[in-house]
>>> print(open('entry06.csv').read())   # CSV, C-alpha atoms
chain,number,residue,atom,x,y,z
G,561,MET,CA,-13.3,-29.7,27.9
G,562,ILE,CA,-12.1,-29.4,24.3
G,563,LEU,CA,-14.9,-27.1,23.4
G,564,THR,CA,-14.1,-24.9,26.4
G,565,ALA,CA,-10.5,-24.6,25.3
G,566,ILE,CA,-11.6,-23.7,21.8
G,567,GLN,CA,-14.0,-21.1,23.1
G,568,ALA,CA,-11.2,-19.7,25.4
G,569,ARG,CA,-8.9,-19.4,22.5
G,570,GLU,CA,-11.5,-17.6,20.4
G,571,GLU,CA,-12.2,-15.2,23.2
G,572,LEU,CA,-8.5,-14.5,23.6
G,573,MET,CA,-8.2,-13.9,19.8
G,574,ALA,CA,-11.1,-11.5,19.9
G,575,ALA,CA,-9.5,-9.5,22.6
G,576,THR,CA,-6.0,-9.5,21.0
G,577,SER,CA,-4.8,-7.1,18.3
G,578,HIS,CA,-2.6,-8.5,15.6
G,579,ILE,CA,0.0,-7.0,13.3
G,580,TYR,CA,0.3,-8.3,9.7
G,581,ALA,CA,3.2,-7.8,7.3
G,582,GLY,CA,3.3,-8.8,3.7
G,583,ALA,CA,6.3,-9.5,1.6
G,584,ALA,CA,7.0,-10.1,-2.1
G,585,ARG,CA,10.3,-11.8,-2.7
G,586,SER,CA,12.6,-10.3,-5.3
G,587,MET,CA,15.7,-12.5,-5.0
G,588,ASP,CA,16.4,-16.2,-5.1
G,589,GLY,CA,16.7,-17.7,-1.7
G,590,THR,CA,14.2,-15.4,-0.2
G,591,PHE,CA,10.5,-15.8,0.3
G,592,GLY,CA,7.4,-13.7,0.6
G,593,GLY,CA,4.0,-14.2,2.1
G,594,VAL,CA,2.0,-12.9,5.0
G,595,PHE,CA,3.1,-12.9,8.6
G,596,ARG,CA,1.2,-12.3,11.8
G,597,GLN,CA,2.2,-11.3,15.3
G,598,ALA,CA,-0.1,-10.8,18.3
G,599,VAL,CA,0.5,-7.4,19.9
G,600,GLY,CA,2.7,-7.9,22.9
G,601,ASP,CA,4.1,-11.1,21.6
G,602,ASP,CA,7.5,-11.5,19.8
G,603,ARG,CA,6.6,-14.5,17.7
G,604,TRP,CA,5.8,-14.3,14.0
G,605,GLU,CA,3.5,-16.8,12.3
G,606,HIS,CA,3.9,-17.4,8.6
G,607,LEU,CA,0.2,-17.7,7.5
G,608,THR,CA,0.0,-20.2,4.6
G,609,SER,CA,-3.2,-22.2,5.0
G,610,GLY,CA,-5.2,-21.8,1.8
G,611,LEU,CA,-2.6,-19.7,0.1
G,612,PRO,CA,-0.7,-21.0,-2.9
G,613,HIS,CA,3.0,-21.8,-2.6
G,614,GLU,CA,5.2,-18.7,-3.0
G,615,THR,CA,2.5,-16.1,-2.7
G,616,ASP,CA,3.8,-12.6,-2.9
G,617,VAL,CA,1.8,-10.1,-0.9
G,618,HIS,CA,1.5,-6.5,-1.9
G,619,ALA,CA,-1.5,-5.3,0.1
G,620,ILE,CA,-3.2,-6.2,3.4
G,621,THR,CA,-6.4,-4.8,4.6
G,622,VAL,CA,-8.1,-5.5,8.0
G,623,HIS,CA,-11.8,-4.9,8.0
G,624,PRO,CA,-12.3,-1.9,10.2
G,625,ASP,CA,-15.5,-3.2,11.7
G,626,ASN,CA,-14.5,-6.9,12.1
G,627,ALA,CA,-10.8,-7.6,12.8
G,628,ASP,CA,-11.4,-11.3,12.1
G,629,VAL,CA,-11.7,-10.4,8.4
G,630,ILE,CA,-8.5,-9.8,6.5
G,631,TYR,CA,-8.0,-9.2,2.8
G,632,LEU,CA,-4.8,-9.8,0.8
G,633,GLY,CA,-3.8,-8.5,-2.6
G,634,THR,CA,-1.3,-10.9,-4.0
G,635,THR,CA,0.4,-11.7,-7.2
G,636,LYS,CA,-1.8,-14.8,-7.4
G,637,GLY,CA,-5.1,-13.2,-6.6
G,638,ALA,CA,-7.2,-11.7,-3.9
G,639,TYR,CA,-7.7,-13.7,-0.7
G,640,ARG,CA,-9.9,-13.4,2.3
G,641,SER,CA,-9.6,-14.8,5.8
G,642,THR,CA,-12.4,-14.7,8.3
G,643,ASN,CA,-10.3,-16.0,11.2
G,644,ARG,CA,-7.4,-13.5,11.3
G,645,GLY,CA,-5.3,-15.2,8.8
G,646,ALA,CA,-5.5,-18.7,10.2
G,647,SER,CA,-6.8,-19.8,6.8
G,648,TRP,CA,-7.5,-18.1,3.5
G,649,GLU,CA,-9.9,-18.5,0.7
G,650,ARG,CA,-9.5,-17.1,-2.8
G,651,ARG,CA,-12.0,-14.5,-3.8
G,652,GLU,CA,-12.7,-14.9,-7.5
G,653,LEU,CA,-13.5,-11.8,-9.4
G,654,GLY,CA,-16.3,-13.4,-11.3
G,655,ALA,CA,-16.9,-14.4,-14.8
G,656,THR,CA,-17.0,-10.8,-16.0
G,657,SER,CA,-13.4,-10.2,-14.9
G,658,PRO,CA,-10.8,-10.2,-17.7
G,659,ALA,CA,-8.1,-10.0,-15.0
G,660,ARG,CA,-8.8,-13.3,-13.3
G,661,ARG,CA,-5.4,-14.7,-13.9
G,662,ARG,CA,-3.5,-11.5,-13.7
G,663,ARG,CA,-1.7,-9.9,-10.8
G,664,ARG,CA,-3.6,-8.1,-8.1
G,665,HIS,CA,-1.6,-5.5,-6.4
G,666,LEU,CA,-4.1,-3.7,-4.3
G,667,VAL,CA,-7.1,-4.4,-2.2
G,668,ASP,CA,-9.0,-1.5,-0.7
G,669,LEU,CA,-12.0,-1.6,1.5
G,670,HIS,CA,-14.8,0.9,1.8
G,671,PRO,CA,-17.3,-0.7,4.2
G,672,PRO,CA,-19.8,-1.0,5.4
G,673,GLU,CA,-21.9,-1.1,2.3
G,674,LYS,CA,-19.5,-2.7,-0.1
G,675,LEU,CA,-16.1,-4.0,-0.6
G,676,GLU,CA,-13.9,-2.8,-3.5
G,677,TYR,CA,-11.0,-4.5,-5.0
G,678,ARG,CA,-8.9,-1.9,-6.6
G,679,LEU,CA,-6.7,-3.7,-9.0
G,680,CYS,CA,-3.8,-2.0,-10.5
G,681,ARG,CA,-2.5,-3.9,-13.4
G,682,GLY,CA,0.0,-3.2,-16.0
G,683,LEU,CA,2.9,-2.7,-13.6
G,684,ALA,CA,4.9,-5.3,-15.3
G,685,ALA,CA,5.2,-4.7,-19.0
G,686,ARG,CA,3.9,-3.1,-22.1
G,687,ARG,CA,1.5,-5.9,-22.9
G,688,LEU,CA,-0.1,-5.4,-19.5
G,689,SER,CA,0.0,-1.6,-19.6
G,690,GLN,CA,-1.8,-1.6,-22.8
G,691,ARG,CA,-4.7,-3.2,-21.1
G,692,GLY,CA,-5.1,-0.3,-18.7
G,693,TRP,CA,-6.4,-0.3,-15.2
G,694,GLY,CA,-9.6,-1.6,-13.8
G,695,ARG,CA,-11.6,-1.2,-10.7
G,696,TYR,CA,-13.4,-4.2,-9.4
G,697,LEU,CA,-16.4,-4.0,-7.1
G,698,ALA,CA,-17.9,-6.6,-4.9
G,699,GLN,CA,-21.2,-5.9,-3.2
G,700,ASP,CA,-21.3,-9.2,-1.3
G,701,GLY,CA,-18.1,-9.2,0.8
G,702,GLY,CA,-16.0,-10.6,-1.9
G,703,SER,CA,-17.7,-13.7,-3.1
G,704,GLY,CA,-17.7,-12.3,-6.6
G,705,ALA,CA,-17.0,-9.0,-8.3
G,706,ALA,CA,-17.7,-7.3,-11.5
G,707,ARG,CA,-15.4,-5.0,-13.3
G,708,SER,CA,-16.4,-1.4,-13.3
G,709,GLY,CA,-15.6,1.0,-16.1
G,710,HIS,CA,-12.1,1.9,-17.1
G,711,HIS,CA,-10.7,4.5,-19.3
G,712,GLY,CA,-8.3,2.3,-21.0
G,713,VAL,CA,-5.4,4.5,-20.2
G,714,PRO,CA,-2.1,2.7,-20.2
G,715,MET,CA,-0.5,2.9,-16.9
G,716,SER,CA,1.0,1.1,-14.0
G,717,GLY,CA,-0.4,1.3,-10.5
G,718,HIS,CA,0.6,1.1,-7.0
G,719,ALA,CA,-2.1,3.1,-5.3
G,720,ALA,CA,-5.7,4.0,-5.2
G,721,GLY,CA,-7.9,6.0,-2.9
G,722,CYS,CA,-11.4,7.1,-2.2
G,723,ARG,CA,-12.8,10.1,-0.6
G,724,PRO,CA,-14.5,8.8,2.5
G,725,GLN,CA,-17.3,11.4,2.3
G,726,PHE,CA,-17.8,10.9,-1.4
G,727,PRO,CA,-17.4,7.1,-2.0
G,728,ARG,CA,-18.1,7.4,-5.7
G,729,ARG,CA,-15.1,9.6,-6.3
G,730,HIS,CA,-11.9,7.7,-6.8
G,731,LEU,CA,-8.3,8.4,-7.5
G,732,CYS,CA,-5.6,6.3,-8.8
G,733,HIS,CA,-2.0,7.2,-8.9
G,734,ALA,CA,-0.3,8.7,-11.9
G,735,PRO,CA,0.5,6.6,-14.9
G,736,MET,CA,4.0,5.7,-15.8
G,737,PRO,CA,5.2,7.1,-19.2
G,738,ARG,CA,3.7,5.2,-22.0
G,739,ALA,CA,6.9,4.9,-23.9
G,740,ARG,CA,8.6,1.6,-24.5
G,741,PRO,CA,8.5,-0.9,-21.7
G,742,THR,CA,11.1,0.2,-19.2
G,743,ALA,CA,13.8,-1.6,-17.5
G,744,ARG,CA,12.0,-0.7,-14.3
G,745,CYS,CA,8.9,-2.5,-15.4
G,746,ALA,CA,10.9,-5.4,-16.6
G,747,ALA,CA,12.5,-5.6,-13.2
G,748,ALA,CA,9.2,-5.7,-11.6
G,749,THR,CA,8.0,-8.4,-13.9
G,750,ALA,CA,11.1,-10.5,-13.1
G,751,ALA,CA,10.7,-10.0,-9.4
G,752,ARG,CA,7.1,-11.1,-9.4
G,753,ALA,CA,7.9,-14.1,-11.4
G,754,GLY,CA,10.4,-15.1,-8.7
G,755,ARG,CA,13.6,-14.3,-10.5
G,756,THR,CA,16.4,-12.1,-9.3
G,757,ALA,CA,15.9,-8.5,-10.2
G,758,PRO,CA,16.0,-5.2,-8.4
G,759,LEU,CA,12.7,-3.5,-7.5
G,760,ILE,CA,12.1,0.2,-7.4
K,689,MET,CA,-5.9,9.3,-12.5
K,690,ARG,CA,-9.1,10.8,-11.2
K,691,SER,CA,-12.7,9.6,-11.5
K,692,ARG,CA,-15.7,11.7,-10.6
K,693,ASN,CA,-18.3,9.1,-11.3
K,694,GLY,CA,-17.3,6.0,-9.4
K,695,GLY,CA,-14.7,4.8,-11.8
K,696,GLU,CA,-16.8,4.8,-15.0
K,697,SER,CA,-14.4,7.2,-16.6
K,698,TRP,CA,-11.0,8.5,-15.8
K,699,GLU,CA,-9.1,11.7,-16.3
K,700,ASP,CA,-5.3,12.2,-16.3
K,701,CYS,CA,-4.1,14.4,-13.4
K,702,THR,CA,-0.5,14.2,-14.2
K,703,ALA,CA,0.1,17.3,-16.5
K,704,ASP,CA,0.9,19.5,-13.5
K,705,LEU,CA,3.1,16.8,-11.9
K,706,ILE,CA,5.1,16.5,-15.1
K,707,ARG,CA,5.5,20.3,-15.1
K,708,PHE,CA,7.7,19.9,-12.0
K,709,CYS,CA,10.3,18.3,-14.2
K,710,GLU,CA,11.2,21.6,-15.8
K,711,GLU,CA,13.4,21.9,-12.7
K,712,PRO,CA,16.3,19.5,-12.6
K,713,LYS,CA,15.7,18.5,-9.0
K,714,TYR,CA,12.5,16.8,-9.9
K,715,ARG,CA,14.0,14.7,-12.7
K,716,SER,CA,14.8,11.1,-12.2
K,717,ARG,CA,15.5,8.3,-14.6
K,718,ILE,CA,16.3,4.8,-13.4
K,719,GLY,CA,14.6,2.4,-15.7
K,720,SER,CA,12.9,4.3,-18.5
K,721,GLN,CA,13.9,6.6,-21.3
K,722,THR,CA,12.4,9.7,-19.7
K,723,GLU,CA,13.3,11.9,-16.8
K,724,ILE,CA,9.7,12.5,-15.8
K,725,GLU,CA,9.8,8.9,-14.5
K,726,GLY,CA,10.3,9.9,-10.9
K,727,MET,CA,7.4,12.2,-10.7
K,728,LEU,CA,5.1,9.5,-12.1
K,729,ASP,CA,6.4,6.8,-9.8
K,730,GLY,CA,3.5,7.2,-7.4
K,731,HIS,CA,3.4,4.9,-4.3
K,732,ALA,CA,0.5,6.1,-2.2
K,733,LEU,CA,-2.4,8.5,-2.2
K,734,ALA,CA,-4.4,9.8,0.7
K,735,VAL,CA,-7.3,12.1,1.4
K,736,SER,CA,-8.4,13.7,4.6
K,737,ALA,CA,-11.8,14.9,5.9
K,738,ALA,CA,-9.9,17.8,7.4
K,739,ALA,CA,-9.0,19.1,4.0
K,740,PRO,CA,-11.8,18.4,1.5
K,741,GLY,CA,-10.7,18.4,-2.1
K,742,THR,CA,-7.1,17.9,-1.2
K,743,VAL,CA,-5.1,14.9,-2.4
K,744,PHE,CA,-1.8,13.8,-0.9
K,745,LEU,CA,0.7,11.9,-3.0
K,746,ALA,CA,3.9,10.0,-2.0
K,747,ASN,CA,6.2,9.3,-4.9
K,748,ARG,CA,9.8,8.8,-5.7
K,749,MET,CA,10.5,12.5,-5.5
K,750,GLY,CA,8.8,13.3,-2.2
K,751,LEU,CA,5.4,14.3,-0.9
K,752,PHE,CA,3.0,16.4,-3.0
K,753,ARG,CA,-0.5,17.8,-2.4
K,754,SER,CA,-3.2,19.1,-4.6
K,755,ASN,CA,-5.8,21.4,-3.2
K,756,ASP,CA,-8.1,21.1,-6.2
K,757,ARG,CA,-8.7,17.4,-6.6
K,758,GLY,CA,-5.6,16.8,-8.7
K,759,GLU,CA,-5.7,19.7,-11.1
K,760,HIS,CA,-2.6,21.4,-9.7
K,761,TRP,CA,0.1,20.1,-7.4
K,762,GLN,CA,2.4,21.5,-4.9
K,763,ASP,CA,5.6,20.1,-3.4
K,764,MET,CA,5.1,19.7,0.3
K,765,GLU,CA,8.8,20.2,0.5
K,766,ILE,CA,9.4,17.5,2.9
K,767,ASN,CA,13.1,18.3,2.7
K,768,ARG,CA,12.4,21.2,5.1
K,769,PHE,CA,11.6,18.6,7.8
K,770,SER,CA,13.5,15.5,6.8
K,771,PRO,CA,16.7,14.5,5.1
K,772,LEU,CA,14.8,11.5,3.8
K,773,THR,CA,12.7,12.5,0.8
K,774,TYR,CA,11.7,9.3,-1.0
K,775,GLY,CA,8.0,8.9,-0.3
K,776,ARG,CA,6.8,5.4,-0.1
K,777,ASP,CA,3.6,5.7,1.9
K,778,ILE,CA,1.3,8.4,3.3
K,779,ARG,CA,-1.7,7.8,5.6
K,780,VAL,CA,-4.3,9.8,7.4
K,781,SER,CA,-5.0,8.6,10.9
K,782,PRO,CA,-8.5,7.1,11.2
K,783,HIS,CA,-8.8,8.8,14.6
K,784,ASP,CA,-8.0,12.3,13.7
K,785,PRO,CA,-8.1,13.7,10.1
K,786,LYS,CA,-5.4,16.3,10.9
K,787,VAL,CA,-2.9,13.6,11.8
K,788,MET,CA,-0.9,12.1,8.9
K,789,TYR,CA,2.0,9.6,8.8
K,790,ALA,CA,4.6,9.1,6.0
K,791,ALA,CA,7.2,6.4,5.3
K,792,LEU,CA,10.3,8.2,4.1
K,793,SER,CA,13.7,6.9,3.0
K,794,PRO,CA,16.6,8.0,0.9
K,795,ALA,CA,15.7,5.8,-2.1
K,796,ALA,CA,13.9,2.7,-3.2
K,797,ARG,CA,16.7,0.6,-2.1
K,798,SER,CA,18.6,2.1,0.8
K,799,THR,CA,20.0,1.5,4.2
K,800,ASP,CA,17.8,4.0,6.1
K,801,GLY,CA,14.2,4.9,6.6
K,802,SER,CA,11.9,6.5,9.0
K,803,ILE,CA,8.3,7.3,10.0
K,804,TYR,CA,7.2,11.0,10.0
K,805,ARG,CA,4.1,12.5,11.6
K,806,SER,CA,2.2,15.6,10.8
K,807,ASP,CA,-0.4,17.0,13.2
K,808,ASP,CA,-1.6,19.8,10.9
K,809,VAL,CA,-2.7,18.0,7.7
K,810,GLY,CA,0.7,17.9,6.2
K,811,GLN,CA,1.8,21.5,6.9
K,812,THR,CA,4.7,20.4,9.1
K,813,TRP,CA,6.3,17.1,9.9
K,814,LYS,CA,8.4,15.6,12.6
K,815,ARG,CA,10.3,12.4,12.8
K,816,PHE,CA,8.1,10.0,14.8
K,817,ASP,CA,10.2,6.9,15.4
K,818,HIS,CA,13.2,7.1,17.6
K,819,GLY,CA,15.6,4.7,19.3
K,820,VAL,CA,15.3,2.3,16.4
K,821,LYS,CA,17.2,2.1,13.1
K,822,ALA,CA,15.8,0.9,9.8
K,823,GLU,CA,18.4,-0.9,7.8
K,824,ALA,CA,16.4,-0.7,4.6
K,825,THR,CA,13.8,1.5,3.0
K,826,MET,CA,10.7,2.2,5.0
K,827,MET,CA,7.9,0.8,2.9
K,828,ALA,CA,4.6,1.2,4.7
K,829,VAL,CA,3.0,2.7,7.8
K,830,VAL,CA,-0.3,2.0,9.5
K,831,VAL,CA,-2.3,3.2,12.5
K,832,HIS,CA,-4.2,0.8,14.6
K,833,PRO,CA,-7.9,1.2,13.7
K,834,ARG,CA,-9.1,1.3,17.3
K,835,ASP,CA,-6.0,2.6,19.2
K,836,PRO,CA,-4.4,5.8,18.0
K,837,ASP,CA,-1.4,5.2,20.2
K,838,GLN,CA,-0.4,2.1,18.1
K,839,VAL,CA,1.5,2.9,14.9
K,840,TYR,CA,3.6,0.4,12.9
K,841,GLY,CA,6.0,0.6,10.0
K,842,VAL,CA,7.8,-2.0,8.1
K,843,SER,CA,11.1,-1.8,6.2
K,844,ARG,CA,11.9,-3.6,3.0
K,845,PHE,CA,14.1,-6.2,4.6
K,846,GLY,CA,11.7,-7.2,7.3
K,847,GLN,CA,12.0,-4.9,10.3
K,848,LEU,CA,8.7,-4.1,11.9
K,849,PHE,CA,8.8,-1.0,14.1
K,850,GLY,CA,6.0,-0.2,16.4
K,851,THR,CA,4.9,2.0,19.2
K,852,GLN,CA,2.0,1.3,21.5
K,853,ASP,CA,2.2,4.6,23.5
K,854,GLY,CA,1.8,7.2,20.9
K,855,GLY,CA,5.4,7.3,19.9
K,856,ARG,CA,7.1,7.6,23.3
K,857,THR,CA,8.7,4.3,23.0
K,858,TRP,CA,9.5,2.1,20.0
K,859,ARG,CA,10.3,-1.6,19.5
K,860,GLU,CA,11.7,-3.5,16.6
K,861,HIS,CA,10.3,-6.9,15.7
K,862,ARG,CA,12.4,-8.8,13.2
K,863,LEU,CA,10.4,-10.8,10.7
K,864,PRO,CA,11.6,-14.3,9.9
K,865,GLU,CA,15.0,-14.6,8.3
K,866,GLY,CA,14.8,-15.0,4.6
K,867,ALA,CA,11.5,-13.1,4.1
K,868,ARG,CA,12.3,-10.0,2.1
K,869,ASP,CA,10.8,-7.2,0.2
K,870,PHE,CA,8.0,-6.2,2.6
K,871,TYR,CA,5.4,-4.0,1.0
K,872,ALA,CA,2.5,-4.1,3.3
K,873,VAL,CA,1.7,-3.7,7.0
K,874,ALA,CA,-1.7,-3.8,8.7
K,875,CYS,CA,-3.1,-4.2,12.1
K,876,GLY,CA,-6.4,-4.8,13.8
>>> encode(input="entry06.csv", output="structure tokens")
Amino acid sequence: MILTAIQAREELMAATSHIYAGAARSMDGTFGGVFRQAVGDDRWEHLTSGLPHETDVHAITVHPDNADVIYLGTTKGAYRSTNRGASWERRELGATSPARRRRRHLVDLHPPEKLEYRLCRGLAARRLSQRGWGRYLAQDGGSGAARSGHHGVPMSGHAAGCRPQFPRRHLCHAPMPRARPTARCAAATAARAGRTAPLI
Amino acid sequence: MRSRNGGESWEDCTADLIRFCEEPKYRSRIGSQTEIEGMLDGHALAVSAAAPGTVFLANRMGLFRSNDRGEHWQDMEINRFSPLTYGRDIRVSPHDPKVMYAALSPAARSTDGSIYRSDDVGQTWKRFDHGVKAEATMMAVVVHPRDPDQVYGVSRFGQLFGTQDGGRTWREHRLPEGARDFYAVACG
């Protein structure tokens, strides 16, 4: 009986579409995280299993060929769920990654052959922007990743893209001015650290 | 930034974007020491199979396109179609490469926002959402990967707007009280 109920729930889940929303708190008294709602339902679920406390979410990607698989780009790392967000597991970037403990703002997928974590760092402050931007590539669905080349250009990043017909060509958004660290950047730093600050 | 070799090396594509700042209307300084800040405050990039070589950019100052892989940029002049010109997101439909969606608002922190749609690869735009009211900046938009009739957008303060009939009707779904600063929306 129990097994039947579980199977019925899994079948229902497979037939249902879900909407996911990710938040990154910027003020005291608020919270971020990832939330899920089944299409046609009005209830939101705060998905927390396997995620660290106070996770701020900047990017969500649903695998286009398998809606059970969801990726998160958060301030505390990249996470993957294989059950539509019911639980999460951290995807380490591997020993070659110098950004293991830094912020991950973006996760982008280019299946079927490989998963790419596009990590835009340096949003926060001068010391980060001096380290440039890196692109991380996982060939195995995210169990590990190696850093690809980077130009070392100081920048901040919100966005990256890839030409679908030419997957080796990549674009990343324009850098911020490389002048002194800006109030904007400082604000972003404070926000991601959980302090009150305006975000742009 | 642009890479032609899978990310091994990168080229700066911003020279022509900065050129826009010769005109005052493209200048914006909120947190830095320079008025080119707004043009370099990029939020989203998109490419479409319907326009090979073309790159679309949503930034603080609006929507821009480059027809030569980022060498030169043109203002898409979204103000011809929308009073909301702060570009936070731009997406190409996975179902039709001519169809694009943009999340537009007055500013980063505002009390308004909307979803716009183009059916001609960004040449013209129309407001897509109706009958709902964003109380904060529209931050992101997404199309359902298997159903082109389902489109969703999220505002900074946690209003999720969605249509399941290609834009004919819209519903608002409030996210839990206390959750703020939504940056991402996805569906599948």
>>> atom_distance(input="entry06.csv", atom1="atom CA of Arg585 of chain G", atom2="atom CA of Arg805 of chain K")
28.9 Å
>>> interface_residues(input="entry06.csv", of="chain K", to="chain G", cutoff="6 Å", atoms="all atoms listed in the file", output="list in words")
Met689, Arg690, Ser691, Arg692, Asn693, Gly694, Gly695, Glu696, Ser697, Trp698, Thr702, Gly719, Ser720, Leu728, Gly730, His731, Ala732, Ala796, Gly866, Ala867, Arg868, Asp869, Phe870, Tyr871, Ala872, Val873, Ala874, Cys875 and Gly876 of chain K
>>> atom_distance(input="entry06.csv", atom1="atom CA of Val829 of chain K", atom2="atom CA of Phe849 of chain K")
9.3 Å
>>> atom_distance(input="entry06.csv", atom1="atom CA of Gln838 of chain K", atom2="atom CA of Asn767 of chain K")
26.1 Å
>>> closest_residue(input="entry06.csv", among="K:Val820, K:Val842, K:Ala791, K:Val831", to="Thr857 of chain K", atoms="only C-alpha atoms")
K:Val820
>>> residues_around(input="entry06.csv", residues="segment 780-784 of chain K", least_positions_apart="3", cutoff="9 Å", atoms="all atoms listed in the file", output="PyMOL selection string")
chain K and resi 734-736+738+787-789+807+809+830-836
>>> closest_residue(input="entry06.csv", among="K:Pro794, K:Pro864, K:Gly758, K:Gly850", to="Ala703 of chain K", atoms="only C-alpha atoms")
K:Gly758
>>> decode(input="entry06.csv", residues="segment 699-721 of chain K", atoms="C-alpha atoms", output="PDB file, in the first residue's frame")
ATOM      1  CA  GLU K 699      37.808  39.992 -25.506  1.00  0.00           C
ATOM      2  CA  ASP K 700      36.243  43.161 -24.211  1.00  0.00           C
ATOM      3  CA  CYS K 701      33.118  44.120 -26.167  1.00  0.00           C
ATOM      4  CA  THR K 702      32.289  47.253 -24.236  1.00  0.00           C
ATOM      5  CA  ALA K 703      34.031  49.991 -26.212  1.00  0.00           C
ATOM      6  CA  ASP K 704      31.021  50.624 -28.367  1.00  0.00           C
ATOM      7  CA  LEU K 705      28.664  50.417 -25.400  1.00  0.00           C
ATOM      8  CA  ILE K 706      30.666  53.087 -23.613  1.00  0.00           C
ATOM      9  CA  ARG K 707      30.463  55.266 -26.719  1.00  0.00           C
ATOM     10  CA  PHE K 708      26.759  55.681 -26.045  1.00  0.00           C
ATOM     11  CA  CYS K 709      27.639  57.729 -22.992  1.00  0.00           C
ATOM     12  CA  GLU K 710      28.652  60.625 -25.213  1.00  0.00           C
ATOM     13  CA  GLU K 711      24.926  61.323 -25.138  1.00  0.00           C
ATOM     14  CA  PRO K 712      23.656  62.406 -21.744  1.00  0.00           C
ATOM     15  CA  LYS K 713      20.630  60.139 -21.856  1.00  0.00           C
ATOM     16  CA  TYR K 714      22.861  57.089 -21.588  1.00  0.00           C
ATOM     17  CA  ARG K 715      24.773  58.354 -18.575  1.00  0.00           C
ATOM     18  CA  SER K 716      23.981  56.964 -15.155  1.00  0.00           C
ATOM     19  CA  ARG K 717      25.920  57.054 -11.928  1.00  0.00           C
ATOM     20  CA  ILE K 718      24.483  55.582  -8.792  1.00  0.00           C
ATOM     21  CA  GLY K 719      27.342  53.979  -6.972  1.00  0.00           C
ATOM     22  CA  SER K 720      30.562  54.534  -8.831  1.00  0.00           C
ATOM     23  CA  GLN K 721      32.670  57.495  -9.840  1.00  0.00           C
TER      24      GLN K 721
END
